[in-house]
$ cat model_6.txt   # compact mmCIF, C-alpha atoms
# COMPACT_ATOMS: atom_id res chain seq x y z
CA MET G 265 6.12 -105.26 8.56
CA THR G 266 3.40 -103.35 6.74
CA GLN G 267 2.73 -99.69 7.26
CA THR G 268 0.06 -100.61 9.82
CA GLY G 269 2.57 -102.61 11.83
CA SER G 270 1.29 -106.10 11.03
CA ILE G 271 3.86 -108.79 10.23
CA VAL G 272 4.09 -109.94 6.62
CA ALA G 273 4.52 -113.68 6.19
CA ILE G 274 7.32 -114.64 3.81
CA ALA G 275 8.08 -117.95 2.12
CA HIS G 276 11.19 -118.88 0.16
CA PHE G 277 10.77 -120.21 -3.37
CA ARG G 278 13.03 -122.15 -5.75
CA PHE G 279 11.93 -123.04 -9.27
CA TYR G 280 13.71 -125.61 -11.42
CA ALA G 281 14.56 -126.13 -15.09
CA GLU G 282 12.30 -124.43 -17.66
CA LEU G 283 10.02 -122.98 -14.98
CA ASN G 284 12.65 -120.28 -14.57
CA ASP G 285 11.65 -118.91 -17.98
CA PHE G 286 8.45 -117.55 -16.41
CA LEU G 287 10.20 -115.69 -13.59
CA ALA G 288 11.70 -112.23 -13.32
CA PRO G 289 15.45 -112.38 -14.08
CA SER G 290 16.39 -111.72 -10.45
CA GLN G 291 14.41 -114.77 -9.32
CA ARG G 292 15.81 -117.33 -11.74
CA GLN G 293 18.02 -120.24 -10.68
CA SER G 294 18.02 -119.14 -7.05
CA ASP G 295 16.22 -119.34 -3.73
CA PHE G 296 14.35 -116.08 -3.12
CA PRO G 297 11.96 -114.73 -0.48
CA TYR G 298 8.47 -113.61 -1.46
CA PRO G 299 5.69 -112.07 0.67
CA LEU G 300 2.56 -114.20 1.00
CA SER G 301 -0.97 -113.10 0.38
CA ARG G 302 -3.24 -113.70 3.34
CA ASP G 303 -4.25 -117.39 3.59
CA ALA G 304 -2.59 -118.01 0.22
CA SER G 305 -2.52 -121.46 -1.35
CA VAL G 306 0.72 -122.60 -2.92
CA LYS G 307 -1.06 -122.66 -6.31
CA HIS G 308 -2.05 -119.02 -5.93
CA MET G 309 1.49 -117.96 -5.07
CA ILE G 310 3.10 -119.98 -7.88
CA GLU G 311 0.81 -118.32 -10.42
CA ALA G 312 1.31 -114.90 -8.80
CA LEU G 313 4.98 -115.36 -9.62
CA GLY G 314 4.07 -115.98 -13.28
CA VAL G 315 4.19 -119.79 -13.54
CA PRO G 316 1.00 -121.48 -14.88
CA HIS G 317 -0.16 -124.40 -12.74
CA THR G 318 -0.26 -126.65 -15.82
CA GLU G 319 3.54 -126.48 -16.05
CA VAL G 320 4.10 -127.77 -12.51
CA GLU G 321 4.45 -131.47 -11.72
CA LEU G 322 5.81 -131.55 -8.19
CA ILE G 323 5.81 -129.19 -5.20
CA LEU G 324 7.88 -129.78 -2.09
CA VAL G 325 7.33 -127.64 1.01
CA ASP G 326 10.16 -128.10 3.49
CA GLY G 327 10.95 -131.33 1.66
CA VAL G 328 7.42 -132.77 1.81
CA SER G 329 5.28 -133.13 -1.33
CA VAL G 330 2.02 -131.17 -1.20
CA ASP G 331 -0.88 -130.48 -3.56
CA PHE G 332 -2.02 -127.14 -4.93
CA SER G 333 -4.37 -126.49 -2.00
CA HIS G 334 -1.60 -126.36 0.61
CA ARG G 335 -1.81 -123.13 2.65
CA LEU G 336 1.62 -121.57 2.96
CA GLN G 337 3.03 -120.48 6.30
CA ASP G 338 5.69 -117.97 7.23
CA GLY G 339 9.21 -119.30 6.78
CA GLU G 340 8.35 -122.31 4.61
CA HIS G 341 10.68 -123.26 1.75
CA VAL G 342 8.93 -124.15 -1.50
CA SER G 343 10.60 -126.13 -4.30
CA VAL G 344 8.69 -126.23 -7.60
CA TYR G 345 9.49 -128.72 -10.38
CA PRO G 346 8.32 -128.97 -14.02
CA CYS G 347 6.54 -131.89 -15.64
CA PHE G 348 8.48 -135.15 -15.93
CA ALA G 349 7.71 -137.39 -18.91
CA SER G 350 9.96 -140.29 -17.95
CA ILE G 351 10.28 -139.98 -14.16
CA ASP G 352 7.69 -141.71 -12.00
CA VAL G 353 6.49 -139.38 -9.25
CA THR G 354 3.61 -141.66 -8.22
CA PRO G 355 4.94 -142.17 -4.67
CA LEU G 356 4.72 -138.40 -4.18
CA MET G 357 1.68 -136.13 -4.07
CA ARG G 358 0.08 -135.99 -7.52
CA LEU G 359 -1.14 -132.56 -8.57
CA ARG G 360 -3.63 -133.93 -11.11
CA PRO G 361 -5.12 -137.33 -11.97
CA PRO G 362 -3.29 -139.47 -14.55
CA VAL G 363 -4.34 -139.20 -18.19
CA ALA G 364 -6.84 -141.89 -19.14
CA GLY G 365 -5.88 -143.30 -22.55
CA PRO G 366 -3.83 -141.65 -25.31
CA ALA G 367 -3.04 -137.96 -24.96
CA ARG G 368 -5.52 -135.70 -26.75
CA PHE G 369 -4.94 -132.01 -27.43
CA VAL G 370 -6.69 -128.75 -28.23
CA ALA G 371 -4.60 -125.96 -29.77
CA ASP G 372 -5.26 -122.25 -29.46
CA ALA G 373 -5.81 -119.93 -32.42
CA HIS G 374 -2.09 -119.24 -32.87
CA MET G 375 -1.04 -122.90 -33.00
CA GLY G 376 -2.40 -123.83 -36.42
CA GLN G 377 0.88 -125.13 -37.86
CA LEU G 378 1.62 -127.11 -34.71
CA ALA G 379 -1.85 -128.67 -34.84
CA LYS G 380 -1.30 -129.67 -38.48
CA ASN G 381 2.13 -131.14 -37.75
CA LEU G 382 0.86 -133.17 -34.81
CA ARG G 383 -2.07 -134.46 -36.86
CA MET G 384 0.46 -135.40 -39.55
CA LEU G 385 2.11 -137.63 -36.95
CA GLY G 386 -1.23 -139.14 -36.00
CA PHE G 387 -2.11 -137.24 -32.83
CA ASP G 388 -5.65 -136.15 -31.95
CA VAL G 389 -5.61 -132.32 -32.01
CA LEU G 390 -8.67 -130.08 -32.10
CA TYR G 391 -8.04 -126.69 -33.71
CA ARG G 392 -9.95 -123.70 -35.03
CA ASN G 393 -8.53 -120.27 -35.63
CA ASP G 394 -11.50 -118.65 -33.88
CA TYR G 395 -11.53 -120.56 -30.61
CA SER G 396 -12.11 -118.22 -27.68
CA ASP G 397 -10.32 -118.80 -24.38
CA ALA G 398 -13.64 -119.87 -22.88
CA GLU G 399 -14.17 -122.46 -25.65
CA LEU G 400 -10.65 -123.82 -25.22
CA ALA G 401 -11.16 -124.16 -21.47
CA ARG G 402 -14.52 -125.87 -21.99
CA LEU G 403 -13.11 -128.39 -24.47
CA ALA G 404 -10.14 -129.09 -22.24
CA ALA G 405 -12.41 -129.75 -19.26
CA SER G 406 -15.20 -131.67 -20.98
CA GLU G 407 -12.98 -133.88 -23.17
CA ASP G 408 -9.92 -134.10 -20.90
CA ARG G 409 -7.71 -132.47 -23.52
CA ILE G 410 -4.29 -130.86 -23.10
CA VAL G 411 -4.23 -127.19 -24.10
CA LEU G 412 -1.36 -126.20 -26.41
CA THR G 413 -0.56 -122.50 -26.24
CA ARG G 414 1.94 -119.71 -25.67
CA ASP G 415 -0.63 -117.76 -23.65
CA ARG G 416 0.21 -117.92 -19.94
CA ASP G 417 -3.05 -116.26 -18.94
CA LEU G 418 -5.00 -119.00 -20.70
CA LEU G 419 -3.19 -121.75 -18.79
CA ILE G 420 -3.94 -120.07 -15.46
CA ARG G 421 -7.70 -120.60 -15.95
CA LYS G 422 -8.92 -122.92 -13.23
CA GLU G 423 -10.99 -125.08 -15.61
CA ILE G 424 -7.83 -126.19 -17.41
CA VAL G 425 -6.26 -129.16 -15.66
CA ARG G 426 -3.69 -130.08 -18.32
CA GLY G 427 -1.79 -127.76 -20.59
CA CYS G 428 1.52 -127.24 -22.32
CA TYR G 429 3.18 -123.88 -22.70
CA LEU G 430 5.27 -123.89 -25.89
CA HIS G 431 8.58 -122.17 -25.19
CA SER G 432 9.69 -122.16 -28.83
CA THR G 433 8.13 -120.08 -31.61
CA ALA G 434 9.26 -122.46 -34.39
CA SER G 435 6.67 -125.09 -35.29
CA ASP G 436 9.12 -128.00 -35.71
CA ALA G 437 10.69 -127.24 -32.33
CA GLN G 438 7.21 -127.02 -30.82
CA VAL G 439 6.47 -130.53 -32.08
CA MET G 440 9.60 -131.74 -30.31
CA GLU G 441 8.53 -130.00 -27.10
CA VAL G 442 5.16 -131.77 -27.14
CA ILE G 443 6.70 -135.16 -27.95
CA ALA G 444 9.30 -134.85 -25.20
CA ARG G 445 6.89 -133.44 -22.62
CA PHE G 446 4.32 -136.22 -23.03
CA ASP G 447 6.71 -139.04 -23.94
CA LEU G 448 5.13 -139.60 -27.37
CA ALA G 449 8.21 -140.80 -29.24
CA GLN G 450 6.79 -144.29 -29.78
CA SER G 451 3.25 -143.15 -30.57
CA ALA G 452 3.53 -141.48 -34.00
CA ARG G 453 1.19 -143.03 -36.59
CA ALA G 454 1.36 -141.25 -39.92
CA PHE G 455 -1.66 -141.69 -42.23
CA SER G 456 -4.09 -141.92 -39.33
CA ARG G 457 -5.41 -138.33 -38.94
CA CYS G 458 -6.81 -135.79 -41.38
CA LEU G 459 -4.80 -132.57 -41.52
CA THR G 460 -7.94 -130.58 -42.27
CA CYS G 461 -10.53 -131.79 -39.75
CA ASN G 462 -8.69 -134.20 -37.41
CA GLY G 463 -10.90 -137.09 -38.53
CA GLU G 464 -9.54 -140.63 -38.76
CA LEU G 465 -8.21 -141.88 -42.09
CA ARG G 466 -8.85 -145.22 -43.79
CA MET G 467 -6.86 -146.85 -46.56
CA VAL G 468 -8.72 -146.93 -49.88
CA GLY G 469 -8.04 -148.45 -53.27
CA LYS G 470 -6.82 -146.30 -56.14
CA GLU G 471 -9.96 -147.25 -58.08
CA GLU G 472 -12.13 -145.63 -55.38
CA VAL G 473 -10.47 -142.22 -55.39
CA GLY G 474 -8.44 -142.12 -58.62
CA HIS G 475 -10.90 -139.72 -60.25
CA ARG G 476 -10.24 -137.24 -57.40
CA VAL G 477 -6.44 -137.33 -57.73
CA PRO G 478 -4.25 -135.38 -60.22
CA PRO G 479 -2.90 -137.56 -63.08
CA HIS G 480 0.72 -137.39 -61.93
CA SER G 481 -0.11 -138.67 -58.45
CA ARG G 482 -2.49 -141.28 -59.84
CA GLN G 483 0.31 -142.55 -62.08
CA PHE G 484 3.12 -142.73 -59.55
CA TYR G 485 1.38 -143.60 -56.24
CA ASP G 486 -0.58 -146.64 -55.21
CA ARG G 487 -1.34 -145.98 -51.54
CA PHE G 488 -4.28 -143.65 -50.85
CA PHE G 489 -6.15 -142.70 -47.70
CA GLU G 490 -9.50 -141.01 -47.17
CA CYS G 491 -10.80 -139.09 -44.16
CA GLN G 492 -13.89 -140.75 -42.71
CA GLU G 493 -15.26 -137.35 -41.67
CA CYS G 494 -14.64 -134.90 -44.54
CA ALA G 495 -13.63 -137.34 -47.36
CA GLN G 496 -10.30 -135.56 -47.96
CA VAL G 497 -7.92 -137.83 -49.93
CA TYR G 498 -4.22 -138.25 -49.08
CA TRP G 499 -1.31 -139.97 -50.78
CA GLU G 500 2.45 -140.25 -50.53
CA GLY G 501 4.46 -137.05 -50.33
CA SER G 502 7.37 -135.54 -48.48
CA HIS G 503 5.79 -133.79 -45.50
CA VAL G 504 5.66 -136.59 -42.96
CA ALA G 505 9.01 -137.96 -44.12
CA ARG G 506 10.51 -134.62 -43.16
CA MET G 507 8.64 -134.52 -39.86
CA LEU G 508 9.54 -138.06 -38.85
CA GLY G 509 13.13 -137.47 -39.93
CA THR G 510 13.27 -134.49 -37.59
CA GLU G 511 11.86 -136.50 -34.69
CA LYS G 512 14.34 -139.33 -35.26
CA ASN G 513 17.28 -136.96 -35.39
CA GLU G 514 16.23 -135.24 -32.17
CA GLU G 515 14.97 -138.18 -30.13
CA GLY G 516 17.14 -140.98 -31.49
CA GLU G 517 14.31 -143.40 -30.84
CA MET G 518 11.27 -142.21 -32.75
CA GLU G 519 9.58 -145.23 -34.26
CA ASN G 520 7.48 -144.97 -37.39
CA ASN G 521 4.49 -147.25 -36.78
CA SER G 522 2.70 -146.37 -40.02
CA PRO G 523 3.01 -148.42 -43.21
CA ALA G 524 4.25 -145.41 -45.19
CA PRO G 525 6.03 -142.35 -43.82
CA ASN G 526 4.87 -139.72 -46.31
CA MET G 527 1.73 -137.67 -46.66
CA SER G 528 0.26 -135.17 -49.11
CA LYS G 529 -3.34 -134.13 -49.29
CA ASN G 530 -5.22 -133.68 -52.49
CA ILE G 531 -5.88 -130.28 -54.03
CA PRO G 532 -9.09 -129.53 -55.93
CA TYR G 533 -8.81 -131.34 -59.22
CA GLN G 534 -11.07 -131.58 -62.21
CA PRO G 535 -10.13 -134.32 -64.71
$ encode --input "model_6.txt" --output "C-alpha cells"
Amino acid sequence: MTQTGSIVAIAHFRFYAELNDFLAPSQRQSDFPYPLSRDASVKHMIEALGVPHTEVELILVDGVSVDFSHRLQDGEHVSVYPCFASIDVTPLMRLRPPVAGPARFVADAHMGQLAKNLRMLGFDVLYRNDYSDAELARLAASEDRIVLTRDRDLLIRKEIVRGCYLHSTASDAQVMEVIARFDLAQSARAFSRCLTCNGELRMVGKEEVGHRVPPHSRQFYDRFFECQECAQVYWEGSHVARMLGTEKNEEGEMENNSPAPNMSKNIPYQP
C-alpha cells in the first residue's frame, strides 16, 4: 500500500541472457517483484528497469506473447528475452516489423572504429563523429537503419525501432557482436565499401589509378578499387585479412565472398 492507503499493483519480472547486464545486481538471473506505474505498458516498465526496447525480441506475460503496448496488471508474470538471430519467433507476437533487405546501420559518435571495421567487411554503415542523438534517431527512422551504440538513453528514444547496444568496448569484439546479433556471417563482402565515406567501390585497372598510388604498391599489387562517391583508391593490404581471420576463428563459418580478402586505402601521394 501507499501512504494514502491505495493498493500498489505489482508484477513479477524475469529477464534472460544478456538483458541481465542492464539490471541492478539484485535483479539479475532471478524472478523479482516490481511496482507498476499507473496504467503502465510493458514497454514502459521494461525501460524503467534499464533495458532498452531495441534489445528485446520476445515478451511473454503469463506465458502468452504480447507486444510493447500491453498494459500490465497486478500479479502478472513477465518474461523478457533478447534478440534471436537464428531462432524463428514468427509464430509469436513480433515486437517490430521484419527488416526489408540487407541490414543497414548508423553508428554514434563513439563508434568510429566499429563503423570502419564493418565497412571493411562490406556493410552499409553511416557515421560522423558529430552526429547528435536527434540526427541518429532521424536517420534510423527515415532510412530504417539499426543504431549502433553504447548509449542506453539513445536506444530508449521512441523514434528508434531497431538498435544494438554493444556490450564490449573492444572494436573487434564489437564486430563479432554485430555479426552474431544480425546473423551476418555469410554476408561479408570485402572491397565493396569505402572506409572513408561508405560509398560503393568499383574495380579499376592499374592504368587508371597508378599515378595516385605509391610506387611500392604500384609495383607489387595489381588489384585496385575506387570509391564511386569520393574517388578514394584501395588496394591489397592486411587489414581485412586480419578482420576476416578473426570472424572465421570466432564463427567457424564466416565465408569470404570477395575476390580478395585484403584492403588498404591510399595515402596522399605525389609522384
$ closest_residue --input "model_6.txt" --among "G:Gly474, G:Gly376, G:Pro316, G:Pro346" --to "Arg278 (chain G)" --atoms "all atoms listed in the file"
G:Pro346
$ atom_distance --input "model_6.txt" --atom1 "CA of Val439 (chain G)" --atom2 "CA of Ala281 (chain G)"
19.3 Å
$ atom_distance --input "model_6.txt" --atom1 "CA of Phe279 (chain G)" --atom2 "CA of Val320 (chain G)"
9.7 Å
$ atom_distance --input "model_6.txt" --atom1 "CA of Glu321 (chain G)" --atom2 "CA of Ala434 (chain G)"
24.9 Å
$ closest_residue --input "model_6.txt" --among "G:Lys470, G:His431, G:His374, G:Arg292" --to "Tyr485 (chain G)" --atoms "all atoms listed in the file"
G:Lys470
$ closest_residue --input "model_6.txt" --among "G:Glu319, G:Gly386, G:Arg358, G:His341" --to "Ala449 (chain G)" --atoms "only C-alpha atoms"
G:Gly386
$ residues_around --input "model_6.txt" --residues "Leu300 (chain G)" --least-positions-apart "3" --cutoff "8 Å" --atoms "all atoms listed in the file" --output "compact mmCIF listing (two decimals) with C-alpha atoms, keeping the file's coordinate frame"
# COMPACT_ATOMS: atom_id res chain seq x y z
CA VAL G 272 4.09 -109.94 6.62
CA ALA G 273 4.52 -113.68 6.19
CA ILE G 274 7.32 -114.64 3.81
CA ALA G 275 8.08 -117.95 2.12
CA ASP G 303 -4.25 -117.39 3.59
CA ALA G 304 -2.59 -118.01 0.22
CA MET G 309 1.49 -117.96 -5.07
CA LEU G 336 1.62 -121.57 2.96
CA ASP G 338 5.69 -117.97 7.23
$ closest_residue --input "model_6.txt" --among "G:Phe277, G:Leu448, G:Gly427, G:Met384" --to "Val344 (chain G)" --atoms "all atoms listed in the file"
G:Phe277
$ residues_around --input "model_6.txt" --residues "Glu407 (chain G)" --least-positions-apart "5" --cutoff "10 Å" --atoms "all atoms listed in the file" --output "ChimeraX atom specification"
/G:368-370,402
$ closest_residue --input "model_6.txt" --among "G:Ser456, G:Asn462, G:Ser329, G:Ser435" --to "Val389 (chain G)" --atoms "all atoms listed in the file"
G:Asn462
$ residues_around --input "model_6.txt" --residues "region 409-417 of chain G" --least-positions-apart "3" --cutoff "9 Å" --atoms "all atoms listed in the file" --output "ChimeraX atom specification"
/G:286,314-316,367-375,378-379,389-390,400-401,403-406,420-421,424-433,442
$ write_last_selection --input "model_6.txt" --atoms "C-alpha atoms" --output "mmCIF file, in the coordinates of the input"
data_model
loop_
_atom_site.group_PDB
_atom_site.id
_atom_site.type_symbol
_atom_site.label_atom_id
_atom_site.label_comp_id
_atom_site.auth_asym_id
_atom_site.auth_seq_id
_atom_site.Cartn_x
_atom_site.Cartn_y
_atom_site.Cartn_z
ATOM 1 C CA PHE G 286 8.450 -117.550 -16.410
ATOM 2 C CA GLY G 314 4.070 -115.980 -13.280
ATOM 3 C CA VAL G 315 4.190 -119.790 -13.540
ATOM 4 C CA PRO G 316 1.000 -121.480 -14.880
ATOM 5 C CA ALA G 367 -3.040 -137.960 -24.960
ATOM 6 C CA ARG G 368 -5.520 -135.700 -26.750
ATOM 7 C CA PHE G 369 -4.940 -132.010 -27.430
ATOM 8 C CA VAL G 370 -6.690 -128.750 -28.230
ATOM 9 C CA ALA G 371 -4.600 -125.960 -29.770
ATOM 10 C CA ASP G 372 -5.260 -122.250 -29.460
ATOM 11 C CA ALA G 373 -5.810 -119.930 -32.420
ATOM 12 C CA HIS G 374 -2.090 -119.240 -32.870
ATOM 13 C CA MET G 375 -1.040 -122.900 -33.000
ATOM 14 C CA LEU G 378 1.620 -127.110 -34.710
ATOM 15 C CA ALA G 379 -1.850 -128.670 -34.840
ATOM 16 C CA VAL G 389 -5.610 -132.320 -32.010
ATOM 17 C CA LEU G 390 -8.670 -130.080 -32.100
ATOM 18 C CA LEU G 400 -10.650 -123.820 -25.220
ATOM 19 C CA ALA G 401 -11.160 -124.160 -21.470
ATOM 20 C CA LEU G 403 -13.110 -128.390 -24.470
ATOM 21 C CA ALA G 404 -10.140 -129.090 -22.240
ATOM 22 C CA ALA G 405 -12.410 -129.750 -19.260
ATOM 23 C CA SER G 406 -15.200 -131.670 -20.980
ATOM 24 C CA ILE G 420 -3.940 -120.070 -15.460
ATOM 25 C CA ARG G 421 -7.700 -120.600 -15.950
ATOM 26 C CA ILE G 424 -7.830 -126.190 -17.410
ATOM 27 C CA VAL G 425 -6.260 -129.160 -15.660
ATOM 28 C CA ARG G 426 -3.690 -130.080 -18.320
ATOM 29 C CA GLY G 427 -1.790 -127.760 -20.590
ATOM 30 C CA CYS G 428 1.520 -127.240 -22.320
ATOM 31 C CA TYR G 429 3.180 -123.880 -22.700
ATOM 32 C CA LEU G 430 5.270 -123.890 -25.890
ATOM 33 C CA HIS G 431 8.580 -122.170 -25.190
ATOM 34 C CA SER G 432 9.690 -122.160 -28.830
ATOM 35 C CA THR G 433 8.130 -120.080 -31.610
ATOM 36 C CA VAL G 442 5.160 -131.770 -27.140
#
$ residues_around --input "model_6.txt" --residues "Glu490 (chain G)" --least-positions-apart "3" --cutoff "7 Å" --atoms "all atoms listed in the file" --output "MDAnalysis selection string"
chainID G and resid 465:468 495:498
$ closest_residue --input "model_6.txt" --among "G:Val477, G:Ile323, G:Glu282, G:Leu418" --to "Tyr395 (chain G)" --atoms "only C-alpha atoms"
G:Leu418
$ residues_around --input "model_6.txt" --residues "Val325 (chain G)" --least-positions-apart "5" --cutoff "7 Å" --atoms "all atoms listed in the file" --output "NGL selection string"
:G and (330 or 340-343)
